[in-house]
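Engineer: Pasting in a structure now, in structure tokens, and then I'll have a few things to ask.
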Amino acid sequence: MGVIKSLLWRPSQVEDALSGEEDKEEEEEKEEETTPAPTPVPEHPMVPQLAGASQVLGASEMSQLSLHLPPRVTGYSWSLAFCTSRDGFSLQSLYRQMEGHSGPVLLVLRDQDGQMFGAFSSSALRLSKGFYGTGETFLFSFSPQLKVFKWTGSNSFFVKGDLDSLMMGCGSGRFGLWLDGDLYRGGSHPCATFNNEVLARQEQFCISELEAWVLS
């Protein structure tokens with residue numbers, strides 16, 4: 001992302017240089033006026049275009065997550081393919097809403113403790129006999145600052161979808177993130193795939209709201 005950030009800043013750097021050549025005093029005044037600006041400027045272009053409204057993430061959280069998405073999805077719009085408030089608490093309903101989509105998908109949820117966390121999947125969530133996905137997949141948690149847990153290379157246990165559970169990341173029989181068939185209970189444990197921390201405040205949690213955003 002360093003390359004993207006440098007590209008975003010280059011026009012302002014050129015303008016500062018030109019104004020400095022014209023009038024050093026004006027440059028000093030300009031620097032004083034724009035001192036607070038650097039924080040929001042790099043984030044603003046990364047705010048995705050949304051098709052739907054999120055009940056879990058705000059604009060700030062979305063901007064932060066955008067910085068960690070694979071470069072190939074930069075500029076993609078986010079479409080709300082599934083949310084529990086609209087489609088109900090059912091994993092099978094989530095799979096049905098994923099039909100016709102090839103991904104990638106951003107899965108976000110808030111538990112009953114108010115903790116926000118989730119995962120990025122390189123492809124659509126679906127029923128599978130084994131694990132699928134690529135090293136682009138990662139887990140994240142706002143605790144309260146964003147923490148991102150990317151692929152370690154230890155194994156390729158990215159995503160697996162059963163009728164009664166959805167699993168992301170695995171190691172020693174423990175899952176980085178798993179959700180039950182009712183999308184009501186879930187769990188999070190450290191796993192070799194992502195070397196992640198427990199995403200929620202506790203290893204077992206109850207889901208308050210869940211959303212699946214298709215990036216395209």
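Starting from 1 in every chain, residues are counted up; chains themselves are A, B, ... following the order of the structure tokens, and ligands are numbered from 1 as listed.
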Quick check for you: according to DSSP on this backbone, which residues of range 37-184 of chain A are classed as helix (DSSP H, G or I)? Reply as a PyMOL selection string.
Structural biologist: chain A and resi 40-46+59-66+71-73+84-87+91-98
Engineer: Of the candidates A:Leu179, A:Leu50, A:Leu125, A:Leu106, which shows the shortest atom-to-atom distance to Leu65 in chain A, using only C-alpha atoms?
Structural biologist: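 Going through A:Leu179, A:Leu50, A:Leu125, A:Leu106 one by one, the smallest distance to Leu65 in chain A is for A:Leu106.
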Engineer: In terms of the shortest atom-to-atom distance over only C-alpha atoms, which of A:Tyr95, A:Trp213, A:Tyr184, A:Phe140 is closest to Lys160 in chain A?
Structural biologist: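 Among A:Tyr95, A:Trp213, A:Tyr184, A:Phe140, it is A:Tyr95 that comes nearest to Lys160 in chain A.
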Engineer: Using only C-alpha atoms, tabulate the residues of range 109-216 of chain A lying at most 7 Å from any atom of range 51-60 of chain A, each with its closest atom pair and that distance in Å to one decimal, by chain and increasing residue number, as a Markdown table.
Structural biologist:
| residue | atom | partner | partner_atom | distance |
| --- | --- | --- | --- | --- |
| A:Leu109 | CA | A:Val56 | CA | 6.4 |
| A:Arg110 | CA | A:Val56 | CA | 6.2 |
| A:Glu209 | CA | A:Val56 | CA | 7.0 |
Engineer: With a distance cut-off of 7 Å and only C-alpha atoms, select the neighbouring residues of Phe82 in chain A, excluding the residue or stretch itself and same-chain residues fewer than 3 positions from it, and output the selection as a PyMOL selection string.
Structural biologist: chain A and resi 87+94+97+211-212
Engineer: What gap, in Å, lies between CA of Phe205 in chain A and CA of Ser79 in chain A?
Structural biologist: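 A separation of 26.4 Å between them.
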Engineer: What's around Thr193 in chain A at 8 Å? Count only C-alpha atoms, leave out sequence neighbours fewer than 5 positions away in its own chain, and write the answer as a JSON list (two decimals) with C-alpha atoms, in the first residue's frame.
Structural biologist:
[["chain", "number", "residue", "atom", "x", "y", "z"],
["A", 151, "TRP", "CA", -1.68, -15.92, 5.73],
["A", 152, "THR", "CA", 1.44, -17.34, 7.36],
["A", 153, "GLY", "CA", 2.14, -19.93, 4.66],
["A", 154, "SER", "CA", 1.98, -22.77, 7.22],
["A", 155, "ASN", "CA", -1.01, -24.45, 5.57],
["A", 156, "SER", "CA", -3.77, -23.79, 3.04],
["A", 157, "PHE", "CA", -6.80, -24.22, 5.31],
["A", 158, "PHE", "CA", -8.47, -20.99, 4.23],
["A", 169, "GLY", "CA", -8.30, -20.94, 9.15],
["A", 170, "CYS", "CA", -7.31, -24.12, 10.92],
["A", 171, "GLY", "CA", -4.53, -25.73, 12.91],
["A", 176, "GLY", "CA", -9.46, -19.06, 13.42]]
Engineer: Considering only C-alpha atoms, state which residue in the set A:Gln49, A:Ser128, A:Ser85, A:Thr74 is at the smallest distance from Leu163 in chain A.
Structural biologist: A:Ser128
Engineer: Kindly give the distance, in Å, that separates CA of Leu166 in chain A and CA of Gly114 in chain A, rounded to a single decimal.
Structural biologist: 21.1 Å
Engineer: Name the residues of range 36-203 of chain A that come out as strand (DSSP E) in a backbone DSSP run; write them as a ChimeraX atom specification.
Structural biologist: /A:50-51,78-83,105-111,116-121,138-142,146-150,159-161,165-171,174-180,185-187
Engineer: Find the distance between CA of Trp78 in chain A and CA of Phe142 in chain A and write it in Å to one decimal.
Structural biologist: 19.5 Å
Engineer: With a distance cut-off of 8 Å and only C-alpha atoms, select the neighbouring residues of Ser122 in chain A, excluding the residue or stretch itself and same-chain residues fewer than 2 positions from it, and output the selection as a PyMOL selection string.
Structural biologist: chain A and resi 103-105+120+124+133-137
Engineer: Dump N, CA, C and O atoms for the selected residues as a JSON list (two decimals), in the first residue's frame?
Structural biologist:
[["chain", "number", "residue", "atom", "x", "y", "z"],
["A", 103, "GLY", "N", -16.95, -14.00, -6.03],
["A", 103, "GLY", "CA", -16.15, -13.39, -4.99],
["A", 103, "GLY", "C", -15.31, -12.25, -5.54],
["A", 103, "GLY", "O", -15.48, -11.85, -6.70],
["A", 104, "PRO", "N", -14.42, -11.72, -4.72],
["A", 104, "PRO", "CA", -14.17, -12.04, -3.31],
["A", 104, "PRO", "C", -15.26, -11.48, -2.38],
["A", 104, "PRO", "O", -16.12, -10.73, -2.82],
["A", 105, "VAL", "N", -15.18, -11.90, -1.12],
["A", 105, "VAL", "CA", -16.21, -11.55, -0.15],
["A", 105, "VAL", "C", -15.58, -11.04, 1.14],
["A", 105, "VAL", "O", -14.58, -11.59, 1.62],
["A", 120, "PHE", "N", -11.76, -11.74, 5.23],
["A", 120, "PHE", "CA", -11.81, -11.51, 3.80],
["A", 120, "PHE", "C", -11.53, -12.84, 3.12],
["A", 120, "PHE", "O", -10.54, -13.51, 3.41],
["A", 124, "ALA", "N", -16.13, -16.53, -3.31],
["A", 124, "ALA", "CA", -17.45, -16.54, -2.67],
["A", 124, "ALA", "C", -17.55, -17.69, -1.67],
["A", 124, "ALA", "O", -16.92, -18.74, -1.83],
["A", 133, "GLY", "N", -9.78, -21.50, -1.39],
["A", 133, "GLY", "CA", -9.31, -20.13, -1.21],
["A", 133, "GLY", "C", -7.84, -19.97, -1.53],
["A", 133, "GLY", "O", -7.16, -20.93, -1.93],
["A", 134, "THR", "N", -7.34, -18.75, -1.36],
["A", 134, "THR", "CA", -5.94, -18.44, -1.66],
["A", 134, "THR", "C", -5.33, -17.67, -0.50],
["A", 134, "THR", "O", -6.00, -17.31, 0.46],
["A", 135, "GLY", "N", -4.05, -17.38, -0.62],
["A", 135, "GLY", "CA", -3.33, -16.66, 0.41],
["A", 135, "GLY", "C", -3.75, -15.22, 0.58],
["A", 135, "GLY", "O", -3.25, -14.53, 1.47],
["A", 136, "GLU", "N", -4.66, -14.74, -0.27],
["A", 136, "GLU", "CA", -5.21, -13.39, -0.08],
["A", 136, "GLU", "C", -6.16, -13.34, 1.12],
["A", 136, "GLU", "O", -6.44, -12.28, 1.66],
["A", 137, "THR", "N", -6.67, -14.48, 1.51],
["A", 137, "THR", "CA", -7.63, -14.56, 2.61],
["A", 137, "THR", "C", -6.98, -14.11, 3.92],
["A", 137, "THR", "O", -5.82, -14.41, 4.18]]
